[in-house]
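Novice: coords10.cif (mmCIF, N, CA and C atoms) pasted underneath:
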data_my_file
loop_
_atom_site.group_PDB
_atom_site.id
_atom_site.type_symbol
_atom_site.label_atom_id
_atom_site.label_comp_id
_atom_site.auth_asym_id
_atom_site.auth_seq_id
_atom_site.Cartn_x
_atom_site.Cartn_y
_atom_site.Cartn_z
ATOM 1 N N MET A 1 11.093 -3.105 10.201
ATOM 2 C CA MET A 1 11.420 -2.720 8.855
ATOM 3 C C MET A 1 11.330 -1.212 8.746
ATOM 4 N N CYS A 2 11.979 -0.705 7.774
ATOM 5 C CA CYS A 2 12.218 0.724 7.646
ATOM 6 C C CYS A 2 11.007 1.501 7.143
ATOM 7 N N GLY A 3 10.018 0.859 6.564
ATOM 8 C CA GLY A 3 8.907 1.587 6.001
ATOM 9 C C GLY A 3 9.204 1.937 4.559
ATOM 10 N N MET A 4 8.579 2.988 4.089
ATOM 11 C CA MET A 4 8.784 3.364 2.696
ATOM 12 C C MET A 4 10.065 4.164 2.532
ATOM 13 N N ARG A 5 10.858 3.725 1.608
ATOM 14 C CA ARG A 5 12.101 4.409 1.282
ATOM 15 C C ARG A 5 11.760 5.605 0.383
ATOM 16 N N PRO A 6 12.376 6.752 0.630
ATOM 17 C CA PRO A 6 12.100 7.910 -0.233
ATOM 18 C C PRO A 6 12.597 7.656 -1.661
ATOM 19 N N SER A 7 11.915 8.259 -2.609
ATOM 20 C CA SER A 7 12.318 8.124 -4.009
ATOM 21 C C SER A 7 13.568 8.975 -4.264
ATOM 22 N N ALA A 8 14.196 8.746 -5.402
ATOM 23 C CA ALA A 8 15.380 9.538 -5.774
ATOM 24 C C ALA A 8 15.015 11.018 -5.862
ATOM 25 N N GLY A 9 13.821 11.307 -6.359
ATOM 26 C CA GLY A 9 13.372 12.700 -6.454
ATOM 27 C C GLY A 9 13.204 13.346 -5.088
ATOM 28 N N GLN A 10 12.654 12.590 -4.140
ATOM 29 C CA GLN A 10 12.487 13.120 -2.776
ATOM 30 C C GLN A 10 13.850 13.373 -2.136
ATOM 31 N N ILE A 11 14.778 12.445 -2.328
ATOM 32 C CA ILE A 11 16.121 12.622 -1.763
ATOM 33 C C ILE A 11 16.782 13.854 -2.371
ATOM 34 N N ALA A 12 16.625 14.040 -3.673
ATOM 35 C CA ALA A 12 17.206 15.208 -4.350
ATOM 36 C C ALA A 12 16.598 16.503 -3.808
ATOM 37 N N ARG A 13 15.290 16.503 -3.559
ATOM 38 C CA ARG A 13 14.644 17.712 -3.016
ATOM 39 C C ARG A 13 15.141 18.015 -1.600
ATOM 40 N N VAL A 14 15.339 16.979 -0.789
ATOM 41 C CA VAL A 14 15.865 17.181 0.568
ATOM 42 C C VAL A 14 17.286 17.743 0.488
ATOM 43 N N ALA A 15 18.104 17.185 -0.381
ATOM 44 C CA ALA A 15 19.482 17.661 -0.539
ATOM 45 C C ALA A 15 19.490 19.115 -0.985
ATOM 46 N N ASP A 16 18.637 19.455 -1.932
ATOM 47 C CA ASP A 16 18.542 20.832 -2.425
ATOM 48 C C ASP A 16 18.135 21.772 -1.291
ATOM 49 N N ALA A 17 17.122 21.388 -0.525
ATOM 50 C CA ALA A 17 16.655 22.228 0.587
ATOM 51 C C ALA A 17 17.739 22.379 1.649
ATOM 52 N N LEU A 18 18.452 21.295 1.951
ATOM 53 C CA LEU A 18 19.529 21.373 2.947
ATOM 54 C C LEU A 18 20.602 22.370 2.527
ATOM 55 N N VAL A 19 21.052 22.256 1.293
ATOM 56 C CA VAL A 19 22.114 23.148 0.812
ATOM 57 C C VAL A 19 21.632 24.595 0.816
ATOM 58 N N ARG A 20 20.448 24.826 0.285
ATOM 59 C CA ARG A 20 19.928 26.209 0.238
ATOM 60 C C ARG A 20 19.794 26.814 1.634
ATOM 61 N N ARG A 21 19.260 26.042 2.572
ATOM 62 C CA ARG A 21 19.049 26.567 3.932
ATOM 63 C C ARG A 21 20.364 26.780 4.674
ATOM 64 N N LEU A 22 21.303 25.870 4.503
ATOM 65 C CA LEU A 22 22.604 26.042 5.168
ATOM 66 C C LEU A 22 23.335 27.262 4.640
ATOM 67 N N VAL A 23 23.272 27.484 3.333
ATOM 68 C CA VAL A 23 23.918 28.653 2.729
ATOM 69 C C VAL A 23 23.185 29.926 3.150
ATOM 70 N N ALA A 24 21.854 29.919 3.097
ATOM 71 C CA ALA A 24 21.055 31.103 3.445
ATOM 72 C C ALA A 24 21.250 31.501 4.904
ATOM 73 N N ALA A 25 21.446 30.530 5.780
ATOM 74 C CA ALA A 25 21.622 30.808 7.205
ATOM 75 C C ALA A 25 23.086 31.099 7.552
ATOM 76 N N ASP A 26 23.944 31.165 6.538
ATOM 77 C CA ASP A 26 25.382 31.399 6.739
ATOM 78 C C ASP A 26 26.013 30.364 7.667
ATOM 79 N N VAL A 27 25.506 29.150 7.630
ATOM 80 C CA VAL A 27 26.072 28.058 8.420
ATOM 81 C C VAL A 27 27.299 27.509 7.705
ATOM 82 N N VAL A 28 27.239 27.514 6.371
ATOM 83 C CA VAL A 28 28.365 27.042 5.570
ATOM 84 C C VAL A 28 28.654 28.027 4.447
ATOM 85 N N THR A 29 29.896 28.020 4.029
ATOM 86 C CA THR A 29 30.304 28.747 2.833
ATOM 87 C C THR A 29 30.817 27.684 1.871
ATOM 88 N N LEU A 30 30.245 27.656 0.695
ATOM 89 C CA LEU A 30 30.595 26.599 -0.257
ATOM 90 C C LEU A 30 31.923 26.890 -0.942
ATOM 91 N N ASP A 31 32.804 25.894 -0.939
ATOM 92 C CA ASP A 31 34.078 25.979 -1.651
ATOM 93 C C ASP A 31 33.982 25.282 -3.001
ATOM 94 N N ALA A 32 32.885 24.578 -3.212
ATOM 95 C CA ALA A 32 32.647 23.843 -4.452
ATOM 96 C C ALA A 32 31.334 24.339 -5.043
ATOM 97 N N PRO A 33 31.110 24.066 -6.322
ATOM 98 C CA PRO A 33 29.835 24.479 -6.934
ATOM 99 C C PRO A 33 28.645 23.864 -6.184
ATOM 100 N N GLU A 34 27.583 24.631 -6.079
ATOM 101 C CA GLU A 34 26.393 24.186 -5.340
ATOM 102 C C GLU A 34 25.869 22.848 -5.849
ATOM 103 N N GLU A 35 25.874 22.655 -7.148
ATOM 104 C CA GLU A 35 25.380 21.391 -7.715
ATOM 105 C C GLU A 35 26.217 20.206 -7.250
ATOM 106 N N ARG A 36 27.524 20.390 -7.117
ATOM 107 C CA ARG A 36 28.382 19.293 -6.652
ATOM 108 C C ARG A 36 28.114 18.985 -5.182
ATOM 109 N N VAL A 37 27.865 20.030 -4.400
ATOM 110 C CA VAL A 37 27.547 19.831 -2.984
ATOM 111 C C VAL A 37 26.209 19.099 -2.852
ATOM 112 N N LYS A 38 25.222 19.505 -3.645
ATOM 113 C CA LYS A 38 23.920 18.821 -3.629
ATOM 114 C C LYS A 38 24.087 17.362 -4.024
ATOM 115 N N ALA A 39 24.888 17.109 -5.043
ATOM 116 C CA ALA A 39 25.106 15.730 -5.494
ATOM 117 C C ALA A 39 25.751 14.901 -4.388
ATOM 118 N N ARG A 40 26.637 15.503 -3.616
ATOM 119 C CA ARG A 40 27.288 14.780 -2.509
ATOM 120 C C ARG A 40 26.266 14.458 -1.417
ATOM 121 N N PHE A 41 25.378 15.425 -1.122
ATOM 122 C CA PHE A 41 24.312 15.173 -0.145
ATOM 123 C C PHE A 41 23.412 14.031 -0.630
ATOM 124 N N VAL A 42 23.065 14.035 -1.910
ATOM 125 C CA VAL A 42 22.229 12.970 -2.481
ATOM 126 C C VAL A 42 22.930 11.625 -2.302
ATOM 127 N N ALA A 43 24.225 11.584 -2.598
ATOM 128 C CA ALA A 43 24.979 10.336 -2.468
ATOM 129 C C ALA A 43 25.008 9.859 -1.014
ATOM 130 N N LEU A 44 25.231 10.777 -0.085
ATOM 131 C CA LEU A 44 25.284 10.417 1.339
ATOM 132 C C LEU A 44 23.928 9.930 1.845
ATOM 133 N N LEU A 45 22.870 10.630 1.482
ATOM 134 C CA LEU A 45 21.533 10.235 1.916
ATOM 135 C C LEU A 45 21.148 8.884 1.312
ATOM 136 N N THR A 46 21.466 8.690 0.035
ATOM 137 C CA THR A 46 21.152 7.429 -0.631
ATOM 138 C C THR A 46 21.906 6.278 0.027
ATOM 139 N N LYS A 47 23.194 6.481 0.323
ATOM 140 C CA LYS A 47 23.990 5.446 0.988
ATOM 141 C C LYS A 47 23.396 5.122 2.351
ATOM 142 N N ASN A 48 22.952 6.143 3.077
ATOM 143 C CA ASN A 48 22.352 5.918 4.388
ATOM 144 C C ASN A 48 21.112 5.042 4.278
ATOM 145 N N PHE A 49 20.248 5.333 3.300
ATOM 146 C CA PHE A 49 19.045 4.515 3.110
ATOM 147 C C PHE A 49 19.407 3.106 2.655
ATOM 148 N N ASP A 50 20.443 2.980 1.820
ATOM 149 C CA ASP A 50 20.904 1.643 1.387
ATOM 150 C C ASP A 50 21.407 0.844 2.584
ATOM 151 N N ASP A 51 22.209 1.492 3.434
ATOM 152 C CA ASP A 51 22.745 0.824 4.624
ATOM 153 C C ASP A 51 21.623 0.382 5.561
ATOM 154 N N GLU A 52 20.640 1.243 5.751
ATOM 155 C CA GLU A 52 19.532 0.897 6.636
ATOM 156 C C GLU A 52 18.716 -0.262 6.052
ATOM 157 N N GLU A 53 18.534 -0.255 4.751
ATOM 158 C CA GLU A 53 17.798 -1.347 4.112
ATOM 159 C C GLU A 53 18.549 -2.675 4.274
ATOM 160 N N ALA A 54 19.876 -2.629 4.151
ATOM 161 C CA ALA A 54 20.688 -3.838 4.330
ATOM 162 C C ALA A 54 20.561 -4.354 5.770
ATOM 163 N N ILE A 55 20.578 -3.435 6.738
ATOM 164 C CA ILE A 55 20.416 -3.815 8.144
ATOM 165 C C ILE A 55 19.021 -4.411 8.358
ATOM 166 N N ASP A 56 18.005 -3.800 7.766
ATOM 167 C CA ASP A 56 16.630 -4.321 7.870
ATOM 168 C C ASP A 56 16.549 -5.750 7.352
ATOM 169 N N ASN A 57 17.127 -5.977 6.181
ATOM 170 C CA ASN A 57 17.071 -7.309 5.568
ATOM 171 C C ASN A 57 17.807 -8.338 6.419
ATOM 172 N N GLU A 58 18.980 -7.972 6.903
ATOM 173 C CA GLU A 58 19.764 -8.886 7.737
ATOM 174 C C GLU A 58 19.033 -9.175 9.048
ATOM 175 N N ALA A 59 18.457 -8.128 9.652
ATOM 176 C CA ALA A 59 17.743 -8.296 10.920
ATOM 177 C C ALA A 59 16.524 -9.201 10.746
ATOM 178 N N LEU A 60 15.795 -9.019 9.655
ATOM 179 C CA LEU A 60 14.614 -9.849 9.415
ATOM 180 C C LEU A 60 15.009 -11.316 9.255
ATOM 181 N N ALA A 61 16.042 -11.573 8.463
ATOM 182 C CA ALA A 61 16.484 -12.950 8.243
ATOM 183 C C ALA A 61 16.931 -13.593 9.557
ATOM 184 N N GLU A 62 17.706 -12.850 10.346
ATOM 185 C CA GLU A 62 18.185 -13.394 11.624
ATOM 186 C C GLU A 62 17.038 -13.585 12.609
ATOM 187 N N ALA A 63 16.101 -12.640 12.648
ATOM 188 C CA ALA A 63 14.955 -12.746 13.561
ATOM 189 C C ALA A 63 14.089 -13.948 13.200
ATOM 190 N N GLU A 64 13.870 -14.169 11.911
ATOM 191 C CA GLU A 64 13.074 -15.321 11.492
ATOM 192 C C GLU A 64 13.741 -16.625 11.926
ATOM 193 N N LYS A 65 15.076 -16.682 11.803
ATOM 194 C CA LYS A 65 15.821 -17.865 12.243
ATOM 195 C C LYS A 65 15.667 -18.066 13.745
ATOM 196 N N LEU A 66 15.813 -16.977 14.498
ATOM 197 C CA LEU A 66 15.714 -17.064 15.955
ATOM 198 C C LEU A 66 14.330 -17.498 16.396
ATOM 199 N N VAL A 67 13.299 -16.963 15.769
ATOM 200 C CA VAL A 67 11.929 -17.311 16.138
ATOM 201 C C VAL A 67 11.648 -18.773 15.786
ATOM 202 N N ARG A 68 12.138 -19.223 14.626
ATOM 203 C CA ARG A 68 11.965 -20.636 14.249
ATOM 204 C C ARG A 68 12.659 -21.563 15.237
ATOM 205 N N LYS A 69 13.862 -21.144 15.650
ATOM 206 C CA LYS A 69 14.657 -21.965 16.569
ATOM 207 C C LYS A 69 14.065 -21.947 17.973
ATOM 208 N N GLY A 70 13.484 -20.812 18.356
ATOM 209 C CA GLY A 70 12.917 -20.679 19.688
ATOM 210 C C GLY A 70 13.956 -20.213 20.689
ATOM 211 N N ALA A 71 13.505 -19.938 21.891
ATOM 212 C CA ALA A 71 14.384 -19.481 22.967
ATOM 213 C C ALA A 71 14.142 -20.365 24.182
ATOM 214 N N PRO A 72 15.188 -20.644 24.942
ATOM 215 C CA PRO A 72 15.014 -21.493 26.129
ATOM 216 C C PRO A 72 13.962 -20.903 27.077
ATOM 217 N N GLY A 73 13.007 -21.707 27.462
ATOM 218 C CA GLY A 73 11.991 -21.275 28.408
ATOM 219 C C GLY A 73 10.866 -20.463 27.802
ATOM 220 N N VAL A 74 10.883 -20.264 26.476
ATOM 221 C CA VAL A 74 9.833 -19.481 25.816
ATOM 222 C C VAL A 74 9.265 -20.314 24.675
ATOM 223 N N ARG A 75 7.954 -20.400 24.631
ATOM 224 C CA ARG A 75 7.326 -21.133 23.524
ATOM 225 C C ARG A 75 7.479 -20.324 22.245
ATOM 226 N N ARG A 76 7.708 -21.028 21.151
ATOM 227 C CA ARG A 76 7.911 -20.338 19.872
ATOM 228 C C ARG A 76 6.740 -19.442 19.510
ATOM 229 N N GLU A 77 5.523 -19.899 19.788
ATOM 230 C CA GLU A 77 4.354 -19.081 19.428
ATOM 231 C C GLU A 77 4.244 -17.817 20.272
ATOM 232 N N ASP A 78 4.981 -17.755 21.382
ATOM 233 C CA ASP A 78 4.972 -16.558 22.219
ATOM 234 C C ASP A 78 6.021 -15.528 21.779
ATOM 235 N N LEU A 79 6.893 -15.909 20.848
ATOM 236 C CA LEU A 79 7.899 -14.967 20.354
ATOM 237 C C LEU A 79 7.273 -14.065 19.294
ATOM 238 N N ASP A 80 7.436 -12.782 19.446
ATOM 239 C CA ASP A 80 6.900 -11.803 18.499
ATOM 240 C C ASP A 80 7.999 -11.468 17.495
ATOM 241 N N LEU A 81 7.786 -11.832 16.233
ATOM 242 C CA LEU A 81 8.793 -11.619 15.197
ATOM 243 C C LEU A 81 9.208 -10.153 15.100
ATOM 244 N N ARG A 82 8.253 -9.240 15.171
ATOM 245 C CA ARG A 82 8.573 -7.805 15.038
ATOM 246 C C ARG A 82 9.467 -7.328 16.186
ATOM 247 N N LYS A 83 9.174 -7.772 17.397
ATOM 248 C CA LYS A 83 9.996 -7.374 18.544
ATOM 249 C C LYS A 83 11.402 -7.946 18.427
ATOM 250 N N VAL A 84 11.479 -9.230 18.059
ATOM 251 C CA VAL A 84 12.782 -9.869 17.891
ATOM 252 C C VAL A 84 13.560 -9.161 16.783
ATOM 253 N N GLU A 85 12.877 -8.863 15.676
ATOM 254 C CA GLU A 85 13.521 -8.164 14.555
ATOM 255 C C GLU A 85 14.058 -6.804 14.990
ATOM 256 N N GLN A 86 13.272 -6.053 15.758
ATOM 257 C CA GLN A 86 13.704 -4.726 16.212
ATOM 258 C C GLN A 86 14.944 -4.826 17.104
ATOM 259 N N LEU A 87 14.956 -5.810 17.995
ATOM 260 C CA LEU A 87 16.119 -5.991 18.869
ATOM 261 C C LEU A 87 17.357 -6.390 18.070
ATOM 262 N N VAL A 88 17.178 -7.274 17.108
ATOM 263 C CA VAL A 88 18.306 -7.698 16.263
ATOM 264 C C VAL A 88 18.806 -6.503 15.446
ATOM 265 N N LYS A 89 17.867 -5.718 14.917
ATOM 266 C CA LYS A 89 18.239 -4.540 14.118
ATOM 267 C C LYS A 89 19.055 -3.561 14.960
ATOM 268 N N GLN A 90 18.625 -3.331 16.191
ATOM 269 C CA GLN A 90 19.363 -2.422 17.073
ATOM 270 C C GLN A 90 20.774 -2.943 17.331
ATOM 271 N N ARG A 91 20.890 -4.247 17.546
ATOM 272 C CA ARG A 91 22.204 -4.849 17.807
ATOM 273 C C ARG A 91 23.122 -4.718 16.593
ATOM 274 N N ILE A 92 22.586 -5.013 15.409
ATOM 275 C CA ILE A 92 23.386 -4.923 14.179
ATOM 276 C C ILE A 92 23.808 -3.477 13.936
ATOM 277 N N ALA A 93 22.860 -2.557 14.078
ATOM 278 C CA ALA A 93 23.166 -1.139 13.842
ATOM 279 C C ALA A 93 24.243 -0.648 14.810
ATOM 280 N N LYS A 94 24.129 -1.029 16.067
ATOM 281 C CA LYS A 94 25.128 -0.612 17.063
ATOM 282 C C LYS A 94 26.495 -1.177 16.708
ATOM 283 N N ALA A 95 26.543 -2.439 16.300
ATOM 284 C CA ALA A 95 27.822 -3.072 15.945
ATOM 285 C C ALA A 95 28.470 -2.377 14.743
ATOM 286 N N ARG A 96 27.644 -1.838 13.853
ATOM 287 C CA ARG A 96 28.165 -1.157 12.660
ATOM 288 C C ARG A 96 28.349 0.336 12.865
ATOM 289 N N GLY A 97 27.992 0.830 14.035
ATOM 290 C CA GLY A 97 28.113 2.269 14.290
ATOM 291 C C GLY A 97 27.089 3.082 13.498
ATOM 292 N N PHE A 98 25.952 2.456 13.206
ATOM 293 C CA PHE A 98 24.903 3.104 12.408
ATOM 294 C C PHE A 98 23.826 3.617 13.343
ATOM 295 N N VAL A 99 23.479 4.878 13.214
ATOM 296 C CA VAL A 99 22.429 5.465 14.046
ATOM 297 C C VAL A 99 21.088 5.278 13.353
ATOM 298 N N LEU A 100 20.154 4.645 14.081
ATOM 299 C CA LEU A 100 18.816 4.421 13.529
ATOM 300 C C LEU A 100 17.945 5.641 13.709
#
Can the structure from this file be put into C-alpha cells for me?
Specialist:
Amino acid sequence: MCGMRPSAGQIARVADALVRRLVAADVVTLDAPEERVKARFVALLTKNFDDEEAIDNEALAEAEKLVRKGAPGVRREDLDLRKVEQLVKQRIAKARGFVL
C-alpha cells in the first residue's frame, strides 16, 4: 500500500516550490501565468496519487483473492499477503506504464 497520501495543501506547496525553483534556476521560461502553471502541477500530482491509489486498491483485492485461492505447491498459510500484493502492484503498474 502507498502509505499516507499527501494533503491538497502539501501537494499545492510542492507545486509552488517546483515552479519557483524551475523558474529561479532558468530551467523553464513560463509562457503562461505562474498560477496556471502551479495549478497544472497540482492537477498532475493529484492525478498521479489518484492513479497510484487505484493501483493499490486493485492490487490488494487481487492479492487477497490469490492468497485465498492458494498457489500450487504452496500452503496458503505460507503465502505472505504483503509480498503477493507488492508483486501484483508491480505487474499492474508495469501494464499501465505507471512508474512506482
Novice: I'd like the neighbourhood of A:Glu58 as a list of chain:residue names, where a residue qualifies if any of its atoms comes within 12 Å (using only C-alpha atoms), though same-chain residues fewer than 2 positions away should be ignored.
Specialist: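 The contact residues come out as A:Met1, A:Asp51, A:Glu52, A:Glu53, A:Ala54, A:Ile55, A:Asp56, A:Leu60, A:Ala61, A:Glu62, A:Ala63, A:Glu64, A:Lys65, A:Glu85, A:Gln86, A:Val88, A:Lys89, A:Gln90, A:Arg91, A:Ile92, A:Ala93.
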Novice: Using only N, CA and C atoms, please write the residues we just selected to a file, as a short mmCIF file (atom, residue, chain, number, x, y, z; two decimals), in the coordinates of the input.
Specialist:
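Result went into out-v4.cif, see below:
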data_model
loop_
_atom_site.label_atom_id
_atom_site.label_comp_id
_atom_site.auth_asym_id
_atom_site.auth_seq_id
_atom_site.Cartn_x
_atom_site.Cartn_y
_atom_site.Cartn_z
N MET A 1 11.09 -3.10 10.20
CA MET A 1 11.42 -2.72 8.86
C MET A 1 11.33 -1.21 8.75
N ASP A 51 22.21 1.49 3.43
CA ASP A 51 22.74 0.82 4.62
C ASP A 51 21.62 0.38 5.56
N GLU A 52 20.64 1.24 5.75
CA GLU A 52 19.53 0.90 6.64
C GLU A 52 18.72 -0.26 6.05
N GLU A 53 18.53 -0.26 4.75
CA GLU A 53 17.80 -1.35 4.11
C GLU A 53 18.55 -2.68 4.27
N ALA A 54 19.88 -2.63 4.15
CA ALA A 54 20.69 -3.84 4.33
C ALA A 54 20.56 -4.35 5.77
N ILE A 55 20.58 -3.44 6.74
CA ILE A 55 20.42 -3.82 8.14
C ILE A 55 19.02 -4.41 8.36
N ASP A 56 18.00 -3.80 7.77
CA ASP A 56 16.63 -4.32 7.87
C ASP A 56 16.55 -5.75 7.35
N LEU A 60 15.80 -9.02 9.65
CA LEU A 60 14.61 -9.85 9.41
C LEU A 60 15.01 -11.32 9.26
N ALA A 61 16.04 -11.57 8.46
CA ALA A 61 16.48 -12.95 8.24
C ALA A 61 16.93 -13.59 9.56
N GLU A 62 17.71 -12.85 10.35
CA GLU A 62 18.18 -13.39 11.62
C GLU A 62 17.04 -13.58 12.61
N ALA A 63 16.10 -12.64 12.65
CA ALA A 63 14.96 -12.75 13.56
C ALA A 63 14.09 -13.95 13.20
N GLU A 64 13.87 -14.17 11.91
CA GLU A 64 13.07 -15.32 11.49
C GLU A 64 13.74 -16.62 11.93
N LYS A 65 15.08 -16.68 11.80
CA LYS A 65 15.82 -17.86 12.24
C LYS A 65 15.67 -18.07 13.74
N GLU A 85 12.88 -8.86 15.68
CA GLU A 85 13.52 -8.16 14.56
C GLU A 85 14.06 -6.80 14.99
N GLN A 86 13.27 -6.05 15.76
CA GLN A 86 13.70 -4.73 16.21
C GLN A 86 14.94 -4.83 17.10
N VAL A 88 17.18 -7.27 17.11
CA VAL A 88 18.31 -7.70 16.26
C VAL A 88 18.81 -6.50 15.45
N LYS A 89 17.87 -5.72 14.92
CA LYS A 89 18.24 -4.54 14.12
C LYS A 89 19.06 -3.56 14.96
N GLN A 90 18.62 -3.33 16.19
CA GLN A 90 19.36 -2.42 17.07
C GLN A 90 20.77 -2.94 17.33
N ARG A 91 20.89 -4.25 17.55
CA ARG A 91 22.20 -4.85 17.81
C ARG A 91 23.12 -4.72 16.59
N ILE A 92 22.59 -5.01 15.41
CA ILE A 92 23.39 -4.92 14.18
C ILE A 92 23.81 -3.48 13.94
N ALA A 93 22.86 -2.56 14.08
CA ALA A 93 23.17 -1.14 13.84
C ALA A 93 24.24 -0.65 14.81
#
Novice: Selected by the PyMOL selection byres ((chain A and resi 36-48) around 6.5) in the shown coordinates: which residues, as a ChimeraX atom specification?
Specialist: /A:11-12,15-16,19,32-35,49-53
Novice: Rounded to one decimal place, report the atom C of A:Ala59-atom CA of A:Ala95 distance in Å.
Specialist: 13.9 Å
Novice: Considering only C-alpha atoms, state which residue in the set A:Met4, A:Val67, A:Pro72, A:Phe98 is at the smallest distance from A:Val84.
Specialist: A:Val67
Novice: Pull the alpha helix (DSSP H) assignments for stretch 21-65 of chain A out of DSSP run on the backbone, and list those residues as a PyMOL selection string.
Specialist: chain A and resi 21-24+34-65
Novice: What is the distance, in Å and to one decimal place, between atom N of A:Asp26 and atom CA of A:Gln10?
Specialist: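 Answer for the atom N of A:Asp26 to atom CA of A:Gln10 separation: 23.3 Å.
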